[in-house]
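The block underneath contains the structure these notes are about, expressed in structure tokens.
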Amino acid sequence: MKFATFIAVLAGISCCHGYSLGPPLEACGDMFPTGHGFQASTDASPFSFNLTKNTYSPGERIEVYLNTSQEMYGDYFMEGVLIQMRPVTCEVKSIGTFSVPDQDEFLKPFSCFGRDGSALRHYSHLHIYNRTFSWTAPSQSSGHLYIRATIARNQEKFWTNVYSEYILDESISASANLTHDCPTAGAVGVAVSNILAGFTVVLTLILL
């Protein structure tokens, strides 16, 4: 009986609560917070990125500002984020390195795809309306890029399609194929999560 109760408690923790100290490594690929147990919002995102430049050369550092729109300020804070620099080719990887000011109590560099600082994530649940951070380009040309982010207001309300403008590689000409429309496995992830949660409940009942 105690063992069955313990499994039920674990199931509740895993399927019904987000990650208080930021997303896990498994989220690096599709950037979908499956631990939330909800689908991403289809509303227009109230968050946006502004950059000091929208072109880059190898090794260049660019300042980035993440803001809540003035119309939504006060209603739509950021409680959780995962930020990467993605190539327009839709390859599942993050380019360059992120850094944050030493005093930042919300954002922290994150090691996605086995590389230090390749992403940013939240590591507290402060209610944030804007943030400033830096991105440094790699030492070689990496093609045209854009910032992609998943931003959560809370466990139920989050956006997986928060993009910056394109950041063009100065060493190559702009291409007509620039796109943010890369496939995501988010819906599949939620379905799998729900199936596993159901399996855990059935197992619990059997052990009772």
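Just remember, in the structure tokens the first chain shown is A, the second B, etc., residues are 1-based per chain, and ligands are 1-based in the order shown.
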Test item: residues at most 12 Å from Leu145 (chain A), only C-alpha atoms, excluding those fewer than 6 positions along its chain, as a PyMOL selection string: chain A and resi 54-57+84-91+93-96+135+137-138+163-170+174-175+177-180
Test item, strand (DSSP E) assignment across region 39-166 of chain A, answer as a PyMOL selection string: chain A and resi 47-51+55-56+61-68+80-87+97-99+107-110+119-122+130-136+145-152+158-163
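Taking only C-alpha atoms into account, Phe133 (chain A) lies nearest to A:Ser99 out of the set A:Thr52, A:Ser45, A:Thr150, A:Ser99.
Each of A:Thr42, A:Ser69, A:Thr97, A:Ser171 was compared to Ile147 (chain A) using only C-alpha atoms, and A:Thr97 turns out to be the nearest.
Coordinates place CA of Leu66 (chain A) at a distance of 5.3 Å from CA of Asn130 (chain A).
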